[in-house]
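The next block holds one structure in the form of structure tokens; read it before the comments.
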Amino acid sequence: MSPIISVSGLTKSYASGFTALKSIDLDINRGEIFALLGPNGAGKTTLISIICGIVNPTSGTVLVDGHDITSAYRAARSLIGLVPQELHTDSFETVWATVNFSRGLFGKPKNPALIEKILRDLSLWEKKDSKIMELSGGMKRRVMIAKALSHEPQILFLDEPTAGVDVELRKGMWEVVRELRAAGVTVLLTTHYIEEAEEMADRVGVINAGEIILVEDKAKLMQQFGKKRLKLHLQSRIDAVPVALAPYHLELRNGGMELVYTYDTKSERTGITSLLSDLRDAGIRFADLDTVQNSLEEIFVNLVRK
Amino acid sequence: MNFRAIQAIYLFEMARTWRTLLQSIVSPVISTSLYFVVFGAAIGSRIASVEGVSYGTFIVPGLVMLSVLTQSISNASFGIYFPKFIGTIYELLSAPVSPLEVVIGYVGAAATKSIILGLIILGTAGLFVPLHILHPVWMLTFLVLTAVTFSLFGFIIGIWADSFEKLQAIPLLVVTPLTFLGGSFYSVSMLPSGWRTVTLLNPVVYLISGFRWSFYEISDVSIELSVFMTLTFLVVCMGLVWWIFKTGYKLKK
């Protein structure tokens with residue numbers, strides 16, 4: 001599949017000497033949801049800002065559906081809808097006016113029916129005549145999404161889209177993003193909420209200190225880097241892990257009622273069979289067991305620490 | 001050319017004018033009326049005439065120019081500074097619009113407001129003194145040229161300013177003094193010869209002189225020189241705006 005965004009050798013240095021991006025190479029596939037993870041100051045917003053034309057690159061190229069963002073900026077930008085991290089809104093404007101303004105700015109003819117649909121989908125229709133200053137933070141965030149969607153972009157950039165948004169609203173936004181993906185829109189989102197990436201992304205990129213340190217299919221990533229934990233719920237309490245089981249580095253939890261064994265899903269031998277056998281020999285019986293996959297957050301923290 | 005974007009910016013800016021009607025239109029009209037009361041009636045009654053025109057009538061073009069200049073700068077500088085200040089400039093920078101389209105939208109709206117205001121002030125002046133416009137086409141040409149040029153200048157100030165203090169600094173400390181000393185309320189010929197030479201360094205003199213000529217055919221400098229100086233200032237402002245967008249000065253990191 002040809003990438004819809006192709007970034008190569010992208011570098012951004014400031015006059016102060018600080019280099020925000022160090023020769024980034026990244027391809028975003030058409031129709032996917034790509035989550036860009038990284039700690040604060042890693043370069044996520046700088047990368048998005050350069051692709052959208054808000055920040056000038058120092059060197060490197062970015063192609064959006066084959067259009068260079070500098071020499072063919074009109075064609076490139078017309079494909080992108082941007083929802084920035086900060087809540088930048090025209091406080092004195094009405095929701096209806098500001099969303100229609102965005103559509104006009106992107107050169108699209110008026111389409112009240114489409115704007116109505118977008119506002120309804122984002123639960124903003126009842127507020128269409130309200131001034132933005134009268135809205136809550138979550139509503140303002142949705143207004144920004146409505147503005148980005150107003151010109152029917154093929155690519156949507158969501159920079160920390162659910163920061164400061166309550167759980168219910170966050171899930172509502174995820175639903176909107178899924179619907180967009182189903183309609184063929186490519187979504188690039190940066191987030192601090194790992195669960196957001198875990199919940200929605202097809203692929204995950206990790207950026208740290210201006211460098212892309214990993215790009216991987218989410219499922220593969222979790223499989224590759226994921227460790228699993230086997231939890232054994234004991235029938236009776238034990239005071240300590242028997243010496244014979246020391247090689248398994250078991251954790252005793254829940255007041256001696258639970259044993260946790262961590263194993264690597266990549267290794268040929270997980271050690272589960274021998275553990276269960278040794279447990280029987282040690283006279284430890286369990287009532288139940290379950291396995292838990294490491295979360296993306298744990299994987300991310302491990303990667304960034306390396 | 002992204003005409004829809006120009007239209008969107010233009011209408012957005014004009015909507016701001018109607019929303020702040022008191023500040024945009026009523027306030028300058030009241031200020032101008034006060035000028036007529038003070039300079040036209042109170043002081044003007046003690047001045048017989050200037051170059052054959054009654055003083056109250058003489059100051060009309062200067063007063064219109066005073067408002068058009070200051071309002072053009074104020075409208076355009078605020079128009080572009082405010083999105084920078086609240087952060088909504090991101091949308092303008094990420095939209096498929098060229099610098100020319102952005103400038104036409106913002107400067108066009110700012111100039112439109114100033115021209116409307118100039119005509120309203122002219123109408124207000126007509127309530128105080130009889131109006132004579134010998135060259136209405138030239139009058140409108142000067143009005144439009146001045147409004148566009150100083151809206152461009154205001155646009156530059158709005159991009160340069162990174163605080164409200166700076167936004168006010170140039171209009172208050174440079175433009176207003178130049179306008180007052182540019183022959184709004186007097187003819188340059190009324191000054192001592194030394195000051196007359198100094199005054200000719202003030203670009204506003206040429207605008208007001210040309211504008212006044214279109215009313216009464218009296219001027220401090222030739223009409224050709226007035227047109228030339230106005231166009232020169234326009235070209236300088238356009239060059240600066242072009243450079244701002246080319247480099248992203250104060251717009252892009």
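Going by the structure tokens order, chains are called A, B, ..., each with residues numbered from 1, while ligands are numbered from 1 in the order shown.
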Check: Within 8 Å of chain B, which residues of chain A show up when using only C-alpha atoms, listed as a ChimeraX atom specification?
Finding: /A:52-56,73-78,82,88-90,101-102,104-109
Next item on the list: Determine which residues of range 35-134 of chain B receive a DSSP assignment of alpha helix (DSSP H), computed from the backbone, and state them as a VMD selection string.
Entry: chain B and resid 35 55 to 86 89 to 93 99 to 128
Check: What's the 9 Å shell around Ile272 in chain A, counting only C-alpha atoms, without same-chain residues fewer than 2 positions away, as an NGL selection string?
Finding: :A and (230 or 261 or 263 or 269-270 or 274-277)
Output the selection as a PDB file, in the first residue's frame - all heavy atoms for each residue.
ATOM      1  N   LEU A 230       1.283 -14.739  34.412  1.00  0.00           N
ATOM      2  CA  LEU A 230       0.385 -15.848  34.762  1.00  0.00           C
ATOM      3  C   LEU A 230       0.049 -15.699  36.241  1.00  0.00           C
ATOM      4  O   LEU A 230       0.943 -15.683  37.099  1.00  0.00           O
ATOM      5  CB  LEU A 230       1.091 -17.182  34.521  1.00  0.00           C
ATOM      6  CG  LEU A 230       0.365 -18.428  35.007  1.00  0.00           C
ATOM      7  CD1 LEU A 230      -0.912 -18.687  34.214  1.00  0.00           C
ATOM      8  CD2 LEU A 230       1.283 -19.654  34.910  1.00  0.00           C
ATOM      9  N   TYR A 261       3.625 -15.226  37.908  1.00  0.00           N
ATOM     10  CA  TYR A 261       4.793 -15.648  37.137  1.00  0.00           C
ATOM     11  C   TYR A 261       4.831 -14.826  35.848  1.00  0.00           C
ATOM     12  O   TYR A 261       3.853 -14.794  35.080  1.00  0.00           O
ATOM     13  CB  TYR A 261       4.678 -17.139  36.792  1.00  0.00           C
ATOM     14  CG  TYR A 261       5.724 -17.643  35.821  1.00  0.00           C
ATOM     15  CD1 TYR A 261       7.093 -17.484  36.092  1.00  0.00           C
ATOM     16  CD2 TYR A 261       5.342 -18.280  34.628  1.00  0.00           C
ATOM     17  CE1 TYR A 261       8.045 -17.958  35.189  1.00  0.00           C
ATOM     18  CE2 TYR A 261       6.295 -18.748  33.730  1.00  0.00           C
ATOM     19  CZ  TYR A 261       7.646 -18.589  34.025  1.00  0.00           C
ATOM     20  OH  TYR A 261       8.596 -19.033  33.139  1.00  0.00           O
ATOM     21  N   TYR A 263       6.408 -14.158  32.144  1.00  0.00           N
ATOM     22  CA  TYR A 263       7.152 -14.887  31.131  1.00  0.00           C
ATOM     23  C   TYR A 263       7.118 -14.139  29.803  1.00  0.00           C
ATOM     24  O   TYR A 263       6.243 -13.300  29.554  1.00  0.00           O
ATOM     25  CB  TYR A 263       6.590 -16.308  30.953  1.00  0.00           C
ATOM     26  CG  TYR A 263       5.143 -16.352  30.522  1.00  0.00           C
ATOM     27  CD1 TYR A 263       4.803 -16.537  29.195  1.00  0.00           C
ATOM     28  CD2 TYR A 263       4.116 -16.227  31.462  1.00  0.00           C
ATOM     29  CE1 TYR A 263       3.477 -16.600  28.792  1.00  0.00           C
ATOM     30  CE2 TYR A 263       2.793 -16.281  31.072  1.00  0.00           C
ATOM     31  CZ  TYR A 263       2.471 -16.461  29.753  1.00  0.00           C
ATOM     32  OH  TYR A 263       1.159 -16.500  29.355  1.00  0.00           O
ATOM     33  N   ARG A 269      10.476 -21.466  25.072  1.00  0.00           N
ATOM     34  CA  ARG A 269       9.962 -22.157  26.257  1.00  0.00           C
ATOM     35  C   ARG A 269       9.513 -21.116  27.274  1.00  0.00           C
ATOM     36  O   ARG A 269      10.324 -20.322  27.743  1.00  0.00           O
ATOM     37  CB  ARG A 269      11.058 -23.043  26.872  1.00  0.00           C
ATOM     38  CG  ARG A 269      11.571 -24.104  25.891  1.00  0.00           C
ATOM     39  CD  ARG A 269      12.807 -24.754  26.475  1.00  0.00           C
ATOM     40  NE  ARG A 269      12.466 -25.621  27.590  1.00  0.00           N
ATOM     41  CZ  ARG A 269      12.184 -26.919  27.447  1.00  0.00           C
ATOM     42  NH1 ARG A 269      12.241 -27.470  26.250  1.00  0.00           N
ATOM     43  NH2 ARG A 269      11.871 -27.669  28.463  1.00  0.00           N
ATOM     44  N   THR A 270       8.248 -21.124  27.539  1.00  0.00           N
ATOM     45  CA  THR A 270       7.727 -20.125  28.488  1.00  0.00           C
ATOM     46  C   THR A 270       7.961 -20.564  29.929  1.00  0.00           C
ATOM     47  O   THR A 270       7.955 -19.750  30.838  1.00  0.00           O
ATOM     48  CB  THR A 270       6.217 -19.924  28.286  1.00  0.00           C
ATOM     49  OG1 THR A 270       5.564 -21.183  28.478  1.00  0.00           O
ATOM     50  CG2 THR A 270       5.930 -19.395  26.905  1.00  0.00           C
ATOM     51  N   SER A 274       6.718 -26.558  33.199  1.00  0.00           N
ATOM     52  CA  SER A 274       7.561 -27.002  34.311  1.00  0.00           C
ATOM     53  C   SER A 274       7.154 -26.325  35.613  1.00  0.00           C
ATOM     54  O   SER A 274       7.234 -26.926  36.695  1.00  0.00           O
ATOM     55  CB  SER A 274       9.043 -26.744  34.001  1.00  0.00           C
ATOM     56  OG  SER A 274       9.233 -25.379  33.735  1.00  0.00           O
ATOM     57  N   LEU A 275       6.706 -25.067  35.521  1.00  0.00           N
ATOM     58  CA  LEU A 275       6.263 -24.363  36.731  1.00  0.00           C
ATOM     59  C   LEU A 275       5.088 -25.096  37.369  1.00  0.00           C
ATOM     60  O   LEU A 275       5.073 -25.353  38.577  1.00  0.00           O
ATOM     61  CB  LEU A 275       5.857 -22.917  36.394  1.00  0.00           C
ATOM     62  CG  LEU A 275       5.154 -22.159  37.525  1.00  0.00           C
ATOM     63  CD1 LEU A 275       6.101 -21.910  38.702  1.00  0.00           C
ATOM     64  CD2 LEU A 275       4.572 -20.835  37.031  1.00  0.00           C
ATOM     65  N   LEU A 276       4.118 -25.454  36.524  1.00  0.00           N
ATOM     66  CA  LEU A 276       2.933 -26.141  37.052  1.00  0.00           C
ATOM     67  C   LEU A 276       3.314 -27.474  37.675  1.00  0.00           C
ATOM     68  O   LEU A 276       2.782 -27.880  38.722  1.00  0.00           O
ATOM     69  CB  LEU A 276       1.894 -26.336  35.934  1.00  0.00           C
ATOM     70  CG  LEU A 276       1.304 -25.046  35.341  1.00  0.00           C
ATOM     71  CD1 LEU A 276       0.285 -25.369  34.248  1.00  0.00           C
ATOM     72  CD2 LEU A 276       0.656 -24.202  36.438  1.00  0.00           C
ATOM     73  N   SER A 277       4.285 -28.147  37.033  1.00  0.00           N
ATOM     74  CA  SER A 277       4.749 -29.433  37.551  1.00  0.00           C
ATOM     75  C   SER A 277       5.443 -29.247  38.900  1.00  0.00           C
ATOM     76  O   SER A 277       5.187 -29.984  39.862  1.00  0.00           O
ATOM     77  CB  SER A 277       5.698 -30.056  36.512  1.00  0.00           C
ATOM     78  OG  SER A 277       6.367 -31.143  37.067  1.00  0.00           O
TER      79      SER A 277
END
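Residues in contact with Gly183 in chain B at 9 Å, where only C-alpha atoms are counted and same-chain residues fewer than 2 positions away are skipped, are listed as Ile59, Gly62, Thr179, Phe180, Leu181, Phe185, Tyr186, Ser187, Val188, Thr199, Val204, Val205, Ile208, Ser209 and Asp220 of chain B.
Note that CA of Glu13 in chain B and CA of Asp121 in chain A are 28.6 Å apart.
With CA of Val235 in chain B on one side and CA of Ser72 in chain B on the other, the separation reads 16.6 Å.
Pairwise distance (CA of Gln85 in chain A, CA of Val103 in chain B) equals 26.8 Å.
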Margin query: Need to verify the contact set: range 165-178 of chain A, 9 Å, only C-alpha atoms, exclusion of same-chain residues closer than 5 positions in sequence. Can you return it as a PyMOL selection string?
Written below: chain A and resi 33+121-122+137-138+141-142+183+185+187+196+199-200
Since we have the selection now, will you write its residues out, keeping C-alpha atoms, as a PDB file, in the first residue's frame?
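Result went into part-v2.pdb, see below:
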ATOM      1  CA  ILE A  33      -5.057   4.982  12.532  1.00  0.00           C
ATOM      2  CA  ASP A 121     -22.298  13.549  15.224  1.00  0.00           C
ATOM      3  CA  LEU A 122     -20.254  15.509  17.743  1.00  0.00           C
ATOM      4  CA  GLY A 137     -13.773  22.620  27.635  1.00  0.00           C
ATOM      5  CA  GLY A 138     -14.969  19.306  26.213  1.00  0.00           C
ATOM      6  CA  ARG A 141     -12.506  20.431  21.900  1.00  0.00           C
ATOM      7  CA  ARG A 142     -15.341  19.012  19.829  1.00  0.00           C
ATOM      8  CA  ALA A 183     -15.140   6.182   5.855  1.00  0.00           C
ATOM      9  CA  VAL A 185      -9.996   8.826   6.559  1.00  0.00           C
ATOM     10  CA  VAL A 187      -5.954   9.350  11.307  1.00  0.00           C
ATOM     11  CA  GLU A 196      -6.162   5.508  23.564  1.00  0.00           C
ATOM     12  CA  GLU A 199      -7.842   1.005  21.942  1.00  0.00           C
ATOM     13  CA  MET A 200      -7.761   2.553  18.504  1.00  0.00           C
TER      14      MET A 200
END
